[in-house]
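See below for structure-v7.txt, which holds compact mmCIF, C-alpha atoms.
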```txt
# COMPACT_ATOMS: atom_id res chain seq x y z
CA MET A 257 0.00 0.00 0.00
CA GLN A 258 1.20 3.46 -0.86
CA THR A 259 0.15 6.79 0.59
CA VAL A 260 -0.72 9.62 -1.79
CA ASN A 261 -0.37 13.29 -0.88
CA SER A 262 -2.54 14.97 -3.52
CA LEU A 263 -4.75 14.33 -6.53
CA ALA A 264 -1.77 14.98 -8.83
CA ASP A 265 0.36 12.52 -6.81
CA PHE A 266 -2.41 9.89 -7.06
CA ARG A 267 -2.77 10.34 -10.82
CA GLN A 268 0.98 10.15 -11.34
CA LYS A 269 1.40 6.99 -9.23
CA THR A 270 -1.55 5.22 -10.86
CA SER A 271 -0.80 6.14 -14.46
CA GLY A 272 -0.55 3.05 -16.63
CA HIS A 273 -2.31 0.72 -14.18
CA GLU A 274 -5.46 -0.98 -15.45
CA ARG A 275 -7.07 -1.42 -12.02
CA VAL A 276 -6.39 0.58 -8.83
CA VAL A 277 -7.93 0.80 -5.35
CA LEU A 278 -7.81 3.97 -3.24
CA LEU A 279 -8.96 4.17 0.39
CA LEU A 280 -9.99 7.62 1.55
CA HIS A 281 -9.91 7.62 5.34
CA LYS A 282 -9.60 9.87 8.37
CA ALA A 283 -6.82 9.11 10.86
CA GLY A 284 -8.13 8.54 14.38
CA ASN A 285 -11.60 7.48 13.19
CA GLU A 286 -12.66 3.98 14.34
CA SER A 287 -14.44 3.06 11.10
CA SER A 288 -11.49 4.33 9.06
CA GLY A 289 -9.14 2.24 11.18
CA CYS A 290 -11.24 -0.84 10.43
CA ALA A 291 -11.22 -0.05 6.68
CA PHE A 292 -7.45 0.50 6.77
CA ARG A 293 -6.91 -2.92 8.41
CA THR A 294 -9.17 -4.57 5.82
CA LEU A 295 -7.30 -2.92 2.96
CA SER A 296 -3.94 -3.96 4.47
CA GLU A 297 -5.08 -7.58 4.56
CA VAL A 298 -6.51 -7.52 1.02
CA SER A 299 -3.45 -5.75 -0.43
CA GLY A 300 -1.24 -8.42 1.13
CA GLU A 301 -3.21 -11.15 -0.64
CA ILE A 302 -3.70 -9.45 -4.02
CA GLN A 303 -0.33 -8.44 -5.43
CA SER A 304 -1.51 -7.74 -9.00
CA ILE A 305 -3.39 -4.53 -8.18
CA PRO A 306 -1.86 -1.41 -6.60
CA PHE A 307 -3.52 -0.11 -3.42
CA PHE A 308 -3.33 3.48 -2.24
CA THR A 309 -4.49 5.44 0.80
CA ALA A 310 -5.15 9.11 1.45
CA ASP A 311 -6.04 10.73 4.78
CA VAL A 312 -8.67 13.41 4.08
CA ASN A 313 -7.30 15.45 7.00
CA LEU A 314 -4.10 15.91 5.01
CA VAL A 315 -5.17 15.44 1.37
CA ARG A 316 -7.94 17.92 0.59
CA ASP A 317 -8.27 17.69 -3.21
CA ILE A 318 -9.17 14.04 -3.90
CA HIS A 319 -12.55 13.62 -2.21
CA PRO A 320 -14.13 16.72 -3.81
CA GLU A 321 -12.88 15.60 -7.24
CA TYR A 322 -14.79 12.32 -6.93
CA ARG A 323 -17.70 13.75 -4.88
CA ILE A 324 -16.95 11.63 -1.83
CA THR A 325 -18.80 13.01 1.18
CA SER A 326 -18.06 10.39 3.83
CA VAL A 327 -15.10 8.28 4.85
CA PRO A 328 -13.95 5.63 4.91
CA SER A 329 -14.62 5.05 1.22
CA PHE A 330 -12.96 2.53 -1.09
CA LEU A 331 -12.66 3.84 -4.66
CA LEU A 332 -12.08 1.36 -7.48
CA PHE A 333 -10.63 2.71 -10.72
CA GLU A 334 -10.33 1.02 -14.09
CA ASN A 335 -8.12 2.63 -16.73
CA GLY A 336 -8.10 5.88 -14.76
CA LYS A 337 -11.89 6.09 -14.39
CA LEU A 338 -13.78 5.72 -11.12
CA VAL A 339 -16.07 2.69 -11.49
CA SER A 340 -17.16 1.92 -7.94
CA VAL A 341 -17.35 3.49 -4.48
CA ILE A 342 -17.83 1.32 -1.42
CA LYS A 343 -18.43 3.25 1.77
CA GLY A 344 -17.71 2.13 5.28
CA CYS A 345 -15.66 -0.70 6.68
CA GLN A 346 -16.22 -3.88 4.67
CA ASP A 347 -15.24 -7.43 5.46
CA THR A 348 -12.13 -8.81 3.78
CA GLY A 349 -13.95 -11.39 1.63
CA PHE A 350 -16.36 -8.80 0.26
CA LEU A 351 -13.60 -6.33 -0.57
CA LYS A 352 -11.53 -9.06 -2.27
CA ALA A 353 -14.57 -10.01 -4.37
CA VAL A 354 -15.10 -6.38 -5.40
CA VAL A 355 -11.44 -5.85 -6.25
CA ASN A 356 -11.32 -9.10 -8.24
CA ASN A 357 -14.67 -8.30 -9.90
CA ASN A 358 -16.10 -11.60 -8.59
CA LEU A 359 -19.48 -10.43 -7.35
CA PRO A 360 -22.66 -12.06 -8.60
CA GLY A 361 -24.46 -9.41 -10.58
CA SER A 362 -21.19 -7.69 -11.50
CA ALA A 363 -20.80 -7.17 -15.20
CA THR A 364 -17.82 -8.85 -16.79
CA ALA A 365 -16.88 -9.21 -20.42
CA GLY A 366 -19.48 -11.29 -22.22
CA ASP A 367 -22.12 -11.02 -19.49
CA GLU A 368 -25.62 -10.35 -20.69
CA LYS A 369 -26.76 -8.93 -17.35
CA LYS A 370 -25.71 -5.43 -16.43
CA ALA A 371 -24.39 -4.78 -12.92
CA LYS A 372 -26.95 -3.38 -10.50
CA GLN A 373 -26.34 0.03 -8.97
CA VAL A 374 -27.21 -0.46 -5.29
CA THR A 375 -27.23 2.26 -2.64
CA VAL A 376 -28.26 1.69 0.98
CA TYR A 377 -29.43 4.67 3.01
CA SER A 378 -28.88 3.95 6.68
CA THR A 379 -27.88 5.22 10.10
CA PRO A 380 -25.29 3.69 12.45
CA THR A 381 -27.85 2.97 15.20
CA CYS A 382 -30.39 1.21 12.94
CA SER A 383 -30.35 -2.55 13.58
CA TRP A 384 -32.38 -3.30 10.42
CA CYS A 385 -29.85 -1.30 8.40
CA ASN A 386 -27.04 -3.53 9.65
CA THR A 387 -29.14 -6.64 8.97
CA LEU A 388 -29.78 -5.46 5.40
CA LYS A 389 -26.11 -4.64 4.74
CA ASN A 390 -24.99 -8.00 6.15
CA TRP A 391 -27.58 -9.75 3.94
CA LEU A 392 -26.26 -7.89 0.86
CA ARG A 393 -22.68 -8.88 1.76
CA GLN A 394 -23.71 -12.53 2.26
CA ASN A 395 -25.24 -12.43 -1.22
CA ARG A 396 -22.07 -10.76 -2.50
CA ILE A 397 -23.90 -7.67 -3.74
CA SER A 398 -21.73 -4.57 -4.12
CA PHE A 399 -23.38 -1.48 -2.64
CA THR A 400 -22.72 2.08 -1.59
CA ASP A 401 -23.71 2.90 1.98
CA ILE A 402 -24.85 6.45 2.73
CA ASP A 403 -25.20 7.44 6.39
CA ILE A 404 -28.09 9.91 6.26
CA SER A 405 -27.44 10.98 9.86
CA ARG A 406 -24.27 12.65 8.54
CA ASP A 407 -25.50 13.68 5.09
CA GLU A 408 -28.47 16.01 5.44
CA LYS A 409 -28.70 16.64 1.71
CA ALA A 410 -28.94 12.89 0.99
CA ALA A 411 -31.60 12.53 3.72
CA GLN A 412 -33.72 15.32 2.25
CA ASN A 413 -33.36 13.92 -1.27
CA LEU A 414 -34.37 10.46 -0.06
CA VAL A 415 -37.52 11.74 1.67
CA ARG A 416 -38.42 13.73 -1.45
CA ARG A 417 -38.00 10.63 -3.66
CA SER A 418 -39.57 7.95 -1.46
CA GLY A 419 -41.91 9.94 0.77
CA GLN A 420 -40.47 8.02 3.76
CA GLN A 421 -38.13 9.13 6.54
CA GLY A 422 -37.34 5.69 7.96
CA VAL A 423 -34.30 3.59 7.22
CA PRO A 424 -33.09 1.35 5.78
CA GLN A 425 -33.98 2.30 2.26
CA THR A 426 -32.29 0.66 -0.69
CA GLU A 427 -32.05 2.11 -4.19
CA ILE A 428 -31.56 -0.49 -6.91
CA ASN A 429 -31.13 0.95 -10.39
CA GLY A 430 -33.33 3.91 -9.43
CA GLN A 431 -36.06 1.94 -7.63
CA ILE A 432 -36.47 2.49 -3.87
CA VAL A 433 -37.20 -0.37 -1.47
CA VAL A 434 -38.28 0.81 1.99
CA GLY A 435 -37.25 -1.43 4.88
CA PHE A 436 -35.76 -4.91 4.68
CA ASP A 437 -38.26 -6.33 2.17
CA GLN A 438 -36.41 -9.50 1.11
CA PRO A 439 -38.85 -10.64 -1.59
CA LYS A 440 -38.72 -7.24 -3.32
CA LEU A 441 -34.93 -7.00 -2.89
CA LYS A 442 -34.45 -10.51 -4.31
CA LYS A 443 -36.62 -9.69 -7.31
CA LEU A 444 -34.83 -6.42 -8.12
CA LEU A 445 -31.39 -7.95 -7.52
CA GLU A 446 -32.30 -11.10 -9.46
CA ILE A 447 -31.19 -13.37 -6.63
```
Mind turning this structure into structure tokens?
Amino acid sequence: MQTVNSLADFRQKTSGHERVVLLLHKAGNESSGCAFRTLSEVSGEIQSIPFFTADVNLVRDIHPEYRITSVPSFLLFENGKLVSVIKGCQDTGFLKAVVNNNLPGSATAGDEKKAKQVTVYSTPTCSWCNTLKNWLRQNRISFTDIDISRDEKAAQNLVRRSGQQGVPQTEINGQIVVGFDQPKLKKLLEI
């Protein structure tokens, strides 16, 4: 794992690499510490892909460039383009599957099915939110987690779109599922 000190430093170090992972984190934050440990483990097992880290307390130009509003966030790049953002601390197996593009529902060359865009809107104290996210991980579904207790704009947008204030809410390719409605989730995720 390498540390980057700026957006220009990141672009220079990653130039010419087909696939790259960047962890944006905040030193001293418990969740960021967990994500850092996960990335250390994964980077030790996967030698073919370069892994980078940036502390948002010190590096102020990367997260605005990619519109990252919460950390920790894992950013996956392919040929210099951001293709996936995974927020929060993830388990090692899930992160390895994302990095290796081995998730069911992930598009790979020759696949007929297109990858699902999945976003979970949650809060840290919501037990159903954690149950939903664990269920998605068990089914190896890549998702972005947005903590609406820290992102007021996302919370307002969600209420405007769904008419509901409660969490969890899951957006799958533009369709909102309120609560942990497994039958509806399975249908939209084609599980």
field: Residue with smallest distance to Gln346 (chain A) - pool A:Gln303, A:Thr387, A:Gln425, A:Thr294, counting all atoms listed in the file
entry: A:Thr294
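Candidate residues A:Gln412, A:Ser329, A:Thr426, A:Gln258 were compared for distance to Ile305 (chain A), and the nearest is A:Gln258, using all atoms listed in the file.
Between CA of Arg417 (chain A) and CA of Lys372 (chain A) the separation is 19.1 Å.
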field: Distance of CA of Leu332 (chain A) from CA of Phe292 (chain A), expressed in Å to one decimal place
entry: 15.0 Å
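Taking CA of Phe307 (chain A) and CA of Pro380 (chain A) as the two end points, the separation is 27.2 Å.
Using all atoms listed in the file, the shortest contact distance between Pro328 (chain A) and any of A:Leu414, A:Pro439, A:Asp265, A:Cys345 is found at A:Cys345.
Checking A:Asn356, A:Gly344, A:Lys282, A:Gln420 one by one against Asn386 (chain A), counting all atoms listed in the file, you find the shortest gap at A:Gly344.
Considering all atoms listed in the file, the residue among A:Phe436, A:Phe333, A:Phe308, A:Tyr322 positioned nearest to His273 (chain A) is A:Phe333.
For the set A:Asn395, A:His281, A:Leu314, A:Leu351, the residue with the smallest atom-to-atom gap to Glu446 (chain A) is A:Asn395, counting only C-alpha atoms.
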